[in-house]
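Data from final.pdb: PDB, C-alpha atoms
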```
MODEL        1
ATOM      1  CA  ASP A 296      -3.130   9.452  18.536  1.00  0.00           C
ATOM      2  CA  ILE A 297      -0.716   9.300  21.494  1.00  0.00           C
ATOM      3  CA  LEU A 298      -0.880  13.078  21.959  1.00  0.00           C
ATOM      4  CA  MET A 299      -4.678  13.090  21.800  1.00  0.00           C
ATOM      5  CA  LEU A 300      -4.858  10.083  24.117  1.00  0.00           C
ATOM      6  CA  GLY A 301      -2.669  11.863  26.662  1.00  0.00           C
ATOM      7  CA  ALA A 302      -4.784  14.995  26.477  1.00  0.00           C
ATOM      8  CA  LEU A 303      -8.168  13.251  26.620  1.00  0.00           C
ATOM      9  CA  SER A 304      -7.503  10.155  28.735  1.00  0.00           C
ATOM     10  CA  GLY A 305      -4.389  10.906  30.774  1.00  0.00           C
ATOM     11  CA  ALA A 306      -0.674  10.183  30.805  1.00  0.00           C
ATOM     12  CA  HIS A 307      -1.085   6.640  32.173  1.00  0.00           C
ATOM     13  CA  ASP A 308      -3.202   5.436  29.259  1.00  0.00           C
ATOM     14  CA  ALA A 309      -0.940   7.236  26.778  1.00  0.00           C
ATOM     15  CA  GLY A 310       2.120   5.515  28.233  1.00  0.00           C
ATOM     16  CA  ILE A 311       0.595   2.033  28.129  1.00  0.00           C
ATOM     17  CA  TYR A 312      -0.719   2.644  24.610  1.00  0.00           C
ATOM     18  CA  ASN A 313       2.732   3.772  23.482  1.00  0.00           C
ATOM     19  CA  LEU A 314       4.216   0.483  24.689  1.00  0.00           C
ATOM     20  CA  ALA A 315       1.544  -1.496  22.871  1.00  0.00           C
ATOM     21  CA  ALA A 316       2.152   0.517  19.699  1.00  0.00           C
ATOM     22  CA  GLN A 317       5.881  -0.195  19.875  1.00  0.00           C
ATOM     23  CA  ALA A 318       5.210  -3.925  20.165  1.00  0.00           C
ATOM     24  CA  ALA A 319       2.749  -3.808  17.264  1.00  0.00           C
ATOM     25  CA  LEU A 320       5.423  -2.259  15.060  1.00  0.00           C
ATOM     26  CA  LEU A 321       7.113  -5.663  14.986  1.00  0.00           C
ATOM     27  CA  VAL A 322       4.547  -6.546  12.315  1.00  0.00           C
ATOM     28  CA  MET A 323       5.490  -3.551  10.208  1.00  0.00           C
ATOM     29  CA  LEU A 324       9.174  -4.418  10.561  1.00  0.00           C
ATOM     30  CA  VAL A 325       8.525  -7.169   8.018  1.00  0.00           C
ATOM     31  CA  VAL A 326       7.102  -4.603   5.588  1.00  0.00           C
ATOM     32  CA  SER A 327       9.990  -2.202   6.151  1.00  0.00           C
ATOM     33  CA  VAL A 328      12.571  -4.879   5.396  1.00  0.00           C
ATOM     34  CA  ALA A 329      10.685  -5.947   2.269  1.00  0.00           C
ATOM     35  CA  ASP A 330      10.387  -2.343   1.056  1.00  0.00           C
ATOM     36  CA  THR A 331      14.165  -1.994   0.857  1.00  0.00           C
ATOM     37  CA  VAL A 332      14.090  -4.590  -1.937  1.00  0.00           C
ATOM     38  CA  VAL A 333      10.647  -4.004  -3.416  1.00  0.00           C
ATOM     39  CA  VAL A 334      10.651  -0.243  -3.924  1.00  0.00           C
ATOM     40  CA  PRO A 335      13.754  -0.034  -6.175  1.00  0.00           C
ATOM     41  CA  GLU A 336      12.375  -2.905  -8.256  1.00  0.00           C
ATOM     42  CA  PHE A 337       9.078  -1.059  -8.693  1.00  0.00           C
ATOM     43  CA  SER A 338      10.995   1.906 -10.045  1.00  0.00           C
ATOM     44  CA  ARG A 339      13.176  -0.205 -12.362  1.00  0.00           C
ATOM     45  CA  LEU A 340      10.280  -2.111 -13.909  1.00  0.00           C
ATOM     46  CA  TYR A 341       8.214   1.025 -14.381  1.00  0.00           C
ATOM     47  CA  ALA A 342      11.124   2.833 -16.029  1.00  0.00           C
ATOM     48  CA  ALA A 343      11.596  -0.161 -18.343  1.00  0.00           C
ATOM     49  CA  GLY A 344       7.940   0.050 -19.354  1.00  0.00           C
ATOM     50  CA  ASP A 345       7.285  -3.585 -18.433  1.00  0.00           C
ATOM     51  CA  ARG A 346       3.863  -3.206 -16.848  1.00  0.00           C
ATOM     52  CA  LYS A 347       3.051  -6.917 -16.816  1.00  0.00           C
ATOM     53  CA  ALA A 348       6.267  -7.739 -14.980  1.00  0.00           C
ATOM     54  CA  LEU A 349       5.558  -4.873 -12.565  1.00  0.00           C
ATOM     55  CA  GLU A 350       2.111  -6.279 -11.796  1.00  0.00           C
ATOM     56  CA  ARG A 351       3.474  -9.802 -11.298  1.00  0.00           C
ATOM     57  CA  PHE A 352       6.239  -8.536  -9.019  1.00  0.00           C
ATOM     58  CA  ALA A 353       3.826  -6.436  -6.936  1.00  0.00           C
ATOM     59  CA  ILE A 354       1.511  -9.416  -6.410  1.00  0.00           C
ATOM     60  CA  THR A 355       4.341 -11.824  -5.606  1.00  0.00           C
ATOM     61  CA  SER A 356       6.010  -9.449  -3.162  1.00  0.00           C
ATOM     62  CA  ALA A 357       2.692  -8.806  -1.380  1.00  0.00           C
ATOM     63  CA  ARG A 358       2.150 -12.546  -0.955  1.00  0.00           C
ATOM     64  CA  LEU A 359       5.634 -13.015   0.479  1.00  0.00           C
ATOM     65  CA  VAL A 360       5.113 -10.145   2.936  1.00  0.00           C
ATOM     66  CA  VAL A 361       1.843 -11.730   4.091  1.00  0.00           C
ATOM     67  CA  ALA A 362       3.528 -15.119   4.511  1.00  0.00           C
ATOM     68  CA  ALA A 363       6.286 -13.558   6.636  1.00  0.00           C
ATOM     69  CA  GLY A 364       4.186 -11.065   8.579  1.00  0.00           C
ATOM     70  CA  LEU A 365       1.034 -12.969   9.486  1.00  0.00           C
ATOM     71  CA  PRO A 366       2.778 -15.373  11.894  1.00  0.00           C
ATOM     72  CA  VAL A 367       4.191 -12.342  13.718  1.00  0.00           C
ATOM     73  CA  ALA A 368       0.754 -10.721  13.823  1.00  0.00           C
ATOM     74  CA  LEU A 369      -0.889 -13.909  15.094  1.00  0.00           C
ATOM     75  CA  GLY A 370       1.750 -14.334  17.776  1.00  0.00           C
ATOM     76  CA  LEU A 371       1.290 -10.780  19.019  1.00  0.00           C
ATOM     77  CA  GLY A 372      -2.475 -11.119  18.964  1.00  0.00           C
ATOM     78  CA  LEU A 373      -2.517 -14.383  20.908  1.00  0.00           C
ATOM     79  CA  PHE A 374       0.279 -13.700  23.385  1.00  0.00           C
ATOM     80  CA  GLY A 375       0.116  -9.922  23.650  1.00  0.00           C
ATOM     81  CA  ALA A 376      -0.308  -9.657  27.406  1.00  0.00           C
ATOM     82  CA  PRO A 377       2.610 -11.909  28.456  1.00  0.00           C
ATOM     83  CA  LEU A 378       4.813 -10.363  25.768  1.00  0.00           C
ATOM     84  CA  LEU A 379       4.106  -6.826  26.979  1.00  0.00           C
ATOM     85  CA  ARG A 380       4.815  -7.840  30.562  1.00  0.00           C
ATOM     86  CA  LEU A 381       8.026  -9.556  29.501  1.00  0.00           C
ATOM     87  CA  LEU A 382       9.282  -6.590  27.477  1.00  0.00           C
ATOM     88  CA  PHE A 383       8.074  -3.627  29.532  1.00  0.00           C
ATOM     89  CA  GLY A 384       7.066  -4.832  32.994  1.00  0.00           C
ATOM     90  CA  GLU A 385       3.969  -6.063  34.787  1.00  0.00           C
ATOM     91  CA  GLY A 386       1.878  -2.942  34.305  1.00  0.00           C
ATOM     92  CA  ALA A 387       2.267  -3.031  30.525  1.00  0.00           C
ATOM     93  CA  GLY A 388      -0.093  -5.997  30.340  1.00  0.00           C
ATOM     94  CA  GLU A 389      -2.979  -3.529  30.509  1.00  0.00           C
ATOM     95  CA  GLY A 390      -2.308  -2.717  26.868  1.00  0.00           C
ATOM     96  CA  ALA A 391      -2.985  -6.255  25.588  1.00  0.00           C
ATOM     97  CA  LEU A 392      -6.384  -5.437  24.066  1.00  0.00           C
ATOM     98  CA  ALA A 393      -5.062  -2.278  22.443  1.00  0.00           C
ATOM     99  CA  LEU A 394      -2.144  -4.304  21.075  1.00  0.00           C
ATOM    100  CA  SER A 395      -4.509  -6.862  19.538  1.00  0.00           C
ATOM    101  CA  ILE A 396      -6.521  -4.112  17.848  1.00  0.00           C
ATOM    102  CA  LEU A 397      -3.383  -2.428  16.502  1.00  0.00           C
ATOM    103  CA  VAL A 398      -2.034  -5.720  15.205  1.00  0.00           C
ATOM    104  CA  ALA A 399      -5.292  -6.343  13.344  1.00  0.00           C
ATOM    105  CA  GLY A 400      -4.865  -2.998  11.596  1.00  0.00           C
ATOM    106  CA  PHE A 401      -1.277  -3.720  10.668  1.00  0.00           C
ATOM    107  CA  ALA A 402      -2.320  -7.134   9.339  1.00  0.00           C
ATOM    108  CA  ILE A 403      -4.600  -5.336   6.890  1.00  0.00           C
ATOM    109  CA  SER A 404      -1.581  -3.397   5.642  1.00  0.00           C
ATOM    110  CA  LEU A 405       0.284  -6.654   5.088  1.00  0.00           C
ATOM    111  CA  VAL A 406      -2.401  -7.963   2.772  1.00  0.00           C
ATOM    112  CA  PHE A 407      -2.139  -4.997   0.429  1.00  0.00           C
ATOM    113  CA  GLY A 408       1.647  -4.859   0.275  1.00  0.00           C
ATOM    114  CA  SER A 409       3.496  -1.665  -0.648  1.00  0.00           C
ATOM    115  CA  ALA A 410       0.594  -0.033  -2.462  1.00  0.00           C
ATOM    116  CA  GLY A 411       1.547   3.496  -1.430  1.00  0.00           C
ATOM    117  CA  PHE A 412       5.123   3.085  -2.594  1.00  0.00           C
ATOM    118  CA  LEU A 413       3.897   1.593  -5.864  1.00  0.00           C
ATOM    119  CA  LEU A 414       1.851   4.727  -6.525  1.00  0.00           C
ATOM    120  CA  ASN A 415       4.736   7.016  -5.664  1.00  0.00           C
ATOM    121  CA  MET A 416       7.305   5.131  -7.728  1.00  0.00           C
ATOM    122  CA  THR A 417       5.067   5.108 -10.800  1.00  0.00           C
ATOM    123  CA  GLY A 418       4.397   8.831 -10.880  1.00  0.00           C
ATOM    124  CA  ARG A 419       0.974   8.812  -9.226  1.00  0.00           C
ATOM    125  CA  GLN A 420       1.744  10.653  -6.014  1.00  0.00           C
ATOM    126  CA  GLY A 421      -1.589  12.448  -6.212  1.00  0.00           C
ATOM    127  CA  TYR A 422      -3.442   9.290  -5.254  1.00  0.00           C
ATOM    128  CA  SER A 423      -1.273   8.842  -2.150  1.00  0.00           C
ATOM    129  CA  VAL A 424      -1.691  12.488  -1.145  1.00  0.00           C
ATOM    130  CA  ARG A 425      -5.471  12.209  -1.305  1.00  0.00           C
ATOM    131  CA  VAL A 426      -5.527   9.007   0.732  1.00  0.00           C
ATOM    132  CA  MET A 427      -3.164  10.432   3.352  1.00  0.00           C
ATOM    133  CA  GLY A 428      -5.236  13.593   3.603  1.00  0.00           C
ATOM    134  CA  VAL A 429      -8.456  11.670   4.212  1.00  0.00           C
ATOM    135  CA  ALA A 430      -6.687   9.414   6.737  1.00  0.00           C
ATOM    136  CA  ALA A 431      -5.289  12.389   8.676  1.00  0.00           C
ATOM    137  CA  VAL A 432      -8.698  14.052   8.987  1.00  0.00           C
ATOM    138  CA  ALA A 433     -10.357  10.759   9.942  1.00  0.00           C
ATOM    139  CA  ASN A 434      -7.655  10.149  12.552  1.00  0.00           C
ATOM    140  CA  VAL A 435      -8.323  13.425  14.360  1.00  0.00           C
ATOM    141  CA  VAL A 436     -12.124  13.252  14.177  1.00  0.00           C
ATOM    142  CA  LEU A 437     -12.395   9.610  15.267  1.00  0.00           C
ATOM    143  CA  ASN A 438      -9.870  10.008  18.076  1.00  0.00           C
ATOM    144  CA  ALA A 439     -11.842  12.950  19.438  1.00  0.00           C
ATOM    145  CA  ALA A 440     -15.001  10.827  19.349  1.00  0.00           C
ATOM    146  CA  LEU A 441     -13.721   7.480  20.643  1.00  0.00           C
ATOM    147  CA  ILE A 442     -10.951   8.235  23.130  1.00  0.00           C
ATOM    148  CA  PRO A 443     -13.219   9.829  25.779  1.00  0.00           C
ATOM    149  CA  ALA A 444     -15.513   6.780  25.699  1.00  0.00           C
ATOM    150  CA  MET A 445     -13.035   3.941  25.145  1.00  0.00           C
ATOM    151  CA  GLY A 446      -9.631   5.205  26.230  1.00  0.00           C
ATOM    152  CA  MET A 447      -6.589   3.498  24.702  1.00  0.00           C
ATOM    153  CA  GLU A 448      -8.774   0.884  23.016  1.00  0.00           C
ATOM    154  CA  GLY A 449     -10.571   3.715  21.216  1.00  0.00           C
ATOM    155  CA  ALA A 450      -7.261   5.107  19.992  1.00  0.00           C
ATOM    156  CA  ALA A 451      -6.251   1.645  18.773  1.00  0.00           C
ATOM    157  CA  ALA A 452      -9.575   1.237  16.985  1.00  0.00           C
ATOM    158  CA  VAL A 453      -9.004   4.546  15.217  1.00  0.00           C
ATOM    159  CA  ALA A 454      -5.540   3.428  14.159  1.00  0.00           C
ATOM    160  CA  GLU A 455      -7.057   0.250  12.710  1.00  0.00           C
ATOM    161  CA  GLU A 456      -9.704   2.267  10.873  1.00  0.00           C
ATOM    162  CA  VAL A 457      -7.045   4.511   9.394  1.00  0.00           C
ATOM    163  CA  LYS A 458      -5.113   1.443   8.291  1.00  0.00           C
ATOM    164  CA  GLU A 459      -8.161   0.469   6.276  1.00  0.00           C
ATOM    165  CA  GLU A 460      -7.280   3.430   4.076  1.00  0.00           C
ATOM    166  CA  GLU A 461      -4.727   0.969   2.698  1.00  0.00           C
ATOM    167  CA  VAL A 462      -7.675  -0.745   1.054  1.00  0.00           C
ATOM    168  CA  SER A 463      -8.533   2.508  -0.699  1.00  0.00           C
ATOM    169  CA  THR A 464      -4.910   2.945  -1.733  1.00  0.00           C
ATOM    170  CA  HIS A 465      -4.881  -0.591  -3.143  1.00  0.00           C
ATOM    171  CA  LEU A 466      -8.008   0.115  -5.168  1.00  0.00           C
ATOM    172  CA  GLN A 467      -6.427   3.334  -6.412  1.00  0.00           C
ATOM    173  CA  VAL A 468      -3.412   1.318  -7.533  1.00  0.00           C
ATOM    174  CA  ARG A 469      -5.614  -1.085  -9.471  1.00  0.00           C
ATOM    175  CA  ALA A 470      -7.490   1.799 -11.083  1.00  0.00           C
ATOM    176  CA  ALA A 471      -4.248   3.545 -12.000  1.00  0.00           C
ATOM    177  CA  ALA A 472      -2.808   0.317 -13.394  1.00  0.00           C
ATOM    178  CA  ALA A 473      -5.905  -0.219 -15.509  1.00  0.00           C
ATOM    179  CA  ALA A 474      -5.697   3.349 -16.783  1.00  0.00           C
ATOM    180  CA  SER A 475      -2.033   2.848 -17.671  1.00  0.00           C
ATOM    181  CA  LEU A 476      -2.844  -0.356 -19.559  1.00  0.00           C
ATOM    182  CA  VAL A 477      -5.591   1.344 -21.551  1.00  0.00           C
ATOM    183  CA  GLU A 478      -3.269   4.246 -22.264  1.00  0.00           C
ATOM    184  CA  ALA A 479      -0.488   1.900 -23.408  1.00  0.00           C
ATOM    185  CA  GLU A 480      -2.865  -0.043 -25.666  1.00  0.00           C
ATOM    186  CA  GLY A 481      -4.169   3.215 -27.097  1.00  0.00           C
ATOM    187  CA  GLU A 482      -0.651   4.386 -27.876  1.00  0.00           C
ATOM    188  CA  GLN A 483       0.080   1.045 -29.557  1.00  0.00           C
ATOM    189  CA  MET A 484      -3.024   1.353 -31.723  1.00  0.00           C
ATOM    190  CA  VAL A 485      -2.057   4.905 -32.711  1.00  0.00           C
ATOM    191  CA  ASP A 486       1.430   3.703 -33.649  1.00  0.00           C
ATOM    192  CA  MET A 487       0.014   0.849 -35.753  1.00  0.00           C
ATOM    193  CA  THR A 488      -2.372   3.240 -37.501  1.00  0.00           C
ATOM    194  CA  ALA A 489       0.490   5.612 -38.268  1.00  0.00           C
ATOM    195  CA  VAL A 490       2.556   2.770 -39.733  1.00  0.00           C
ATOM    196  CA  GLY A 491      -0.383   1.712 -41.903  1.00  0.00           C
ATOM    197  CA  GLN A 492      -0.852   5.242 -43.173  1.00  0.00           C
ATOM    198  CA  ASP A 493       2.857   5.475 -44.023  1.00  0.00           C
ATOM    199  CA  LYS A 494       2.614   2.262 -46.051  1.00  0.00           C
ATOM    200  CA  VAL A 495      -0.415   3.545 -47.956  1.00  0.00           C
ATOM    201  CA  GLU A 496       1.308   6.828 -48.719  1.00  0.00           C
ATOM    202  CA  ALA A 497       4.431   4.981 -49.869  1.00  0.00           C
ATOM    203  CA  ALA A 498       2.348   2.747 -52.155  1.00  0.00           C
ATOM    204  CA  ASN A 499       0.531   5.742 -53.650  1.00  0.00           C
ATOM    205  CA  SER A 500       3.830   7.421 -54.416  1.00  0.00           C
ATOM    206  CA  LEU A 501       5.106   4.498 -56.563  1.00  0.00           C
ATOM    207  CA  PRO A 502       5.148   4.872 -60.383  1.00  0.00           C
ATOM    208  CA  PRO A 503       2.153   3.173 -62.073  1.00  0.00           C
ATOM    209  CA  GLY A 504       4.244   0.385 -63.662  1.00  0.00           C
ATOM    210  CA  LEU A 505       6.051  -0.452 -60.428  1.00  0.00           C
ATOM    211  CA  GLU A 506       2.814  -0.395 -58.435  1.00  0.00           C
ATOM    212  CA  ALA A 507       1.298  -2.889 -60.872  1.00  0.00           C
ATOM    213  CA  GLU A 508       4.247  -5.206 -60.428  1.00  0.00           C
ATOM    214  CA  GLU A 509       3.727  -5.014 -56.633  1.00  0.00           C
TER     215      GLU A 509
ENDMDL
END
```

Is it possible to give me this structure as structure tokens?
Amino acid sequence: DILMLGALSGAHDAGIYNLAAQAALLVMLVVSVADTVVVPEFSRLYAAGDRKALERFAITSARLVVAAGLPVALGLGLFGAPLLRLLFGEGAGEGALALSILVAGFAISLVFGSAGFLLNMTGRQGYSVRVMGVAAVANVVLNAALIPAMGMEGAAAVAEEVKEEEVSTHLQVRAAAAASLVEAEGEQMVDMTAVGQDKVEAANSLPPGLEAEE
């Protein structure tokens, strides 16, 4: 988006937008720190086959990330202009609206936790690839449409829209989890059926006198 903003709206807007984007990344710093703990645990629980514990951990970790990240997002949204001026100089205050829009998009990501990592760590990379592909195409098309009319705010709006792909990723996670649960229950039923058949075969193989005693 910065490259397209520079090409379509000029170097000044691209520079201000870049400063706003750097400030907005403070929200995602919370997610990055959490991922260092969350991602290995996703892998461990999935390898152990404990799907219920994996679901509980994913929900709990997402709630903790929201609790830690939302105050940062609210602070950036409410005090964006003075913060930009404090960090980068007086002229950076022009990016306050773009910063607020970017922060709103990152806040959406907070709500859905590490959905992409959860897909990748549980062997469902295909879902992530599809979501990323759609997001990349949408990013280019929407930037080309909105930047000429709205400048840096248009680029920020596109970034927020792309972040909403996190919603799709989250839904993909839920669908994949449901499919895994059905698959696991199906395997359990097959195993129980096989055990029952073994018992019947064993009973049929007993001598008549012994079977009567049973």

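Excluding segment 381-389 of chain A itself and same-chain residues fewer than 3 positions from it, the residues having an atom within 12 Å of it are His307, Asp308, Ala309, Gly310, Ile311, Tyr312, Asn313, Leu314, Ala315, Ala316, Gln317, Ala318, Phe374, Gly375, Ala376, Pro377, Leu378, Leu392, Ala393, Leu394, Ser395, Gly446, Met447 and Glu448 of chain A, counting only C-alpha atoms.
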
Take the PyMOL selection byres ((chain A and resi 361) around 12), apply it to the structure above, and return the hits as an MDAnalysis selection string.
chainID A and resid 322:323 325:326 329 354:360 362:369 401:409

Generate the output file for the selected residues, C-alpha atoms, as a PDB file, keeping the file's coordinate frame.
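Heads up, here's the output in part_33.pdb:
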```pdb
ATOM      1  CA  VAL A 322       4.547  -6.546  12.315  1.00  0.00           C
ATOM      2  CA  MET A 323       5.490  -3.551  10.208  1.00  0.00           C
ATOM      3  CA  VAL A 325       8.525  -7.169   8.018  1.00  0.00           C
ATOM      4  CA  VAL A 326       7.102  -4.603   5.588  1.00  0.00           C
ATOM      5  CA  ALA A 329      10.685  -5.947   2.269  1.00  0.00           C
ATOM      6  CA  ILE A 354       1.511  -9.416  -6.410  1.00  0.00           C
ATOM      7  CA  THR A 355       4.341 -11.824  -5.606  1.00  0.00           C
ATOM      8  CA  SER A 356       6.010  -9.449  -3.162  1.00  0.00           C
ATOM      9  CA  ALA A 357       2.692  -8.806  -1.380  1.00  0.00           C
ATOM     10  CA  ARG A 358       2.150 -12.546  -0.955  1.00  0.00           C
ATOM     11  CA  LEU A 359       5.634 -13.015   0.479  1.00  0.00           C
ATOM     12  CA  VAL A 360       5.113 -10.145   2.936  1.00  0.00           C
ATOM     13  CA  ALA A 362       3.528 -15.119   4.511  1.00  0.00           C
ATOM     14  CA  ALA A 363       6.286 -13.558   6.636  1.00  0.00           C
ATOM     15  CA  GLY A 364       4.186 -11.065   8.579  1.00  0.00           C
ATOM     16  CA  LEU A 365       1.034 -12.969   9.486  1.00  0.00           C
ATOM     17  CA  PRO A 366       2.778 -15.373  11.894  1.00  0.00           C
ATOM     18  CA  VAL A 367       4.191 -12.342  13.718  1.00  0.00           C
ATOM     19  CA  ALA A 368       0.754 -10.721  13.823  1.00  0.00           C
ATOM     20  CA  LEU A 369      -0.889 -13.909  15.094  1.00  0.00           C
ATOM     21  CA  PHE A 401      -1.277  -3.720  10.668  1.00  0.00           C
ATOM     22  CA  ALA A 402      -2.320  -7.134   9.339  1.00  0.00           C
ATOM     23  CA  ILE A 403      -4.600  -5.336   6.890  1.00  0.00           C
ATOM     24  CA  SER A 404      -1.581  -3.397   5.642  1.00  0.00           C
ATOM     25  CA  LEU A 405       0.284  -6.654   5.088  1.00  0.00           C
ATOM     26  CA  VAL A 406      -2.401  -7.963   2.772  1.00  0.00           C
ATOM     27  CA  PHE A 407      -2.139  -4.997   0.429  1.00  0.00           C
ATOM     28  CA  GLY A 408       1.647  -4.859   0.275  1.00  0.00           C
ATOM     29  CA  SER A 409       3.496  -1.665  -0.648  1.00  0.00           C
TER      30      SER A 409
END
```

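Here the question is which of A:Val453, A:Phe337, A:Leu303, A:Ala391 gets nearest to Leu413 of chain A using all atoms listed in the file, and that residue is A:Phe337.
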
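Relative to atom CA of Ala451 of chain A, atom CA of Ile297 of chain A is found at 9.8 Å.
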
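Of note, atom CA of Ser327 of chain A and atom CA of Asn415 of chain A are spaced 15.9 Å apart.
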
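Using only C-alpha atoms, the protein and nucleic acid residues lying no more than 9 Å from segment 349-352 of chain A, apart from those fewer than 5 places from it along its own chain, are Val333, Glu336, Phe337, Arg339, Leu340, Tyr341, Gly344, Ala357 and Ala472 of chain A.
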
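The interatomic distance for the pair atom CA of Met299 of chain A and atom CA of Val398 of chain A works out to 20.1 Å.
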
Would you write out, as JSON, numbers by chain, every residue that the PyMOL selection byres ((chain A and resi 430-439) around 8) captures in this file?
{"A": [296, 299, 300, 426, 427, 428, 429, 440, 441, 442, 443, 449, 450, 453, 454, 457, 460]}

I'd like the contact shell of Met416 of chain A - 9 Å cut-off, only C-alpha atoms, skipping same-chain residues fewer than 4 positions apart - returned as a list in words.
Val334, Pro335, Phe337, Ser338, Tyr341, Gly411, Phe412 and Gln420 of chain A

Using the selection just defined, write its residues with C-alpha atoms as a PDB file, in the frame of the given file.
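Ended up saving to part_4.pdb:
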```pdb
ATOM      1  CA  VAL A 334      10.651  -0.243  -3.924  1.00  0.00           C
ATOM      2  CA  PRO A 335      13.754  -0.034  -6.175  1.00  0.00           C
ATOM      3  CA  PHE A 337       9.078  -1.059  -8.693  1.00  0.00           C
ATOM      4  CA  SER A 338      10.995   1.906 -10.045  1.00  0.00           C
ATOM      5  CA  TYR A 341       8.214   1.025 -14.381  1.00  0.00           C
ATOM      6  CA  GLY A 411       1.547   3.496  -1.430  1.00  0.00           C
ATOM      7  CA  PHE A 412       5.123   3.085  -2.594  1.00  0.00           C
ATOM      8  CA  GLN A 420       1.744  10.653  -6.014  1.00  0.00           C
TER       9      GLN A 420
END
```

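Using only C-alpha atoms, the shortest contact distance between Ala353 of chain A and any of A:Ala444, A:Ala410, A:Leu321, A:Ala306 is found at A:Ala410.
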
If I wrap all listed atoms of segment 324-342 of chain A in a box with edges along x, y and z and add 5 Å on each side, what are its centre and edge lengths in Å to one decimal, as AutoDock Vina command-line options?
```
--center_x 10.6 --center_y -2.2 --center_z -2.7 --size_x 17.1 --size_y 20.0 --size_z 36.6
```
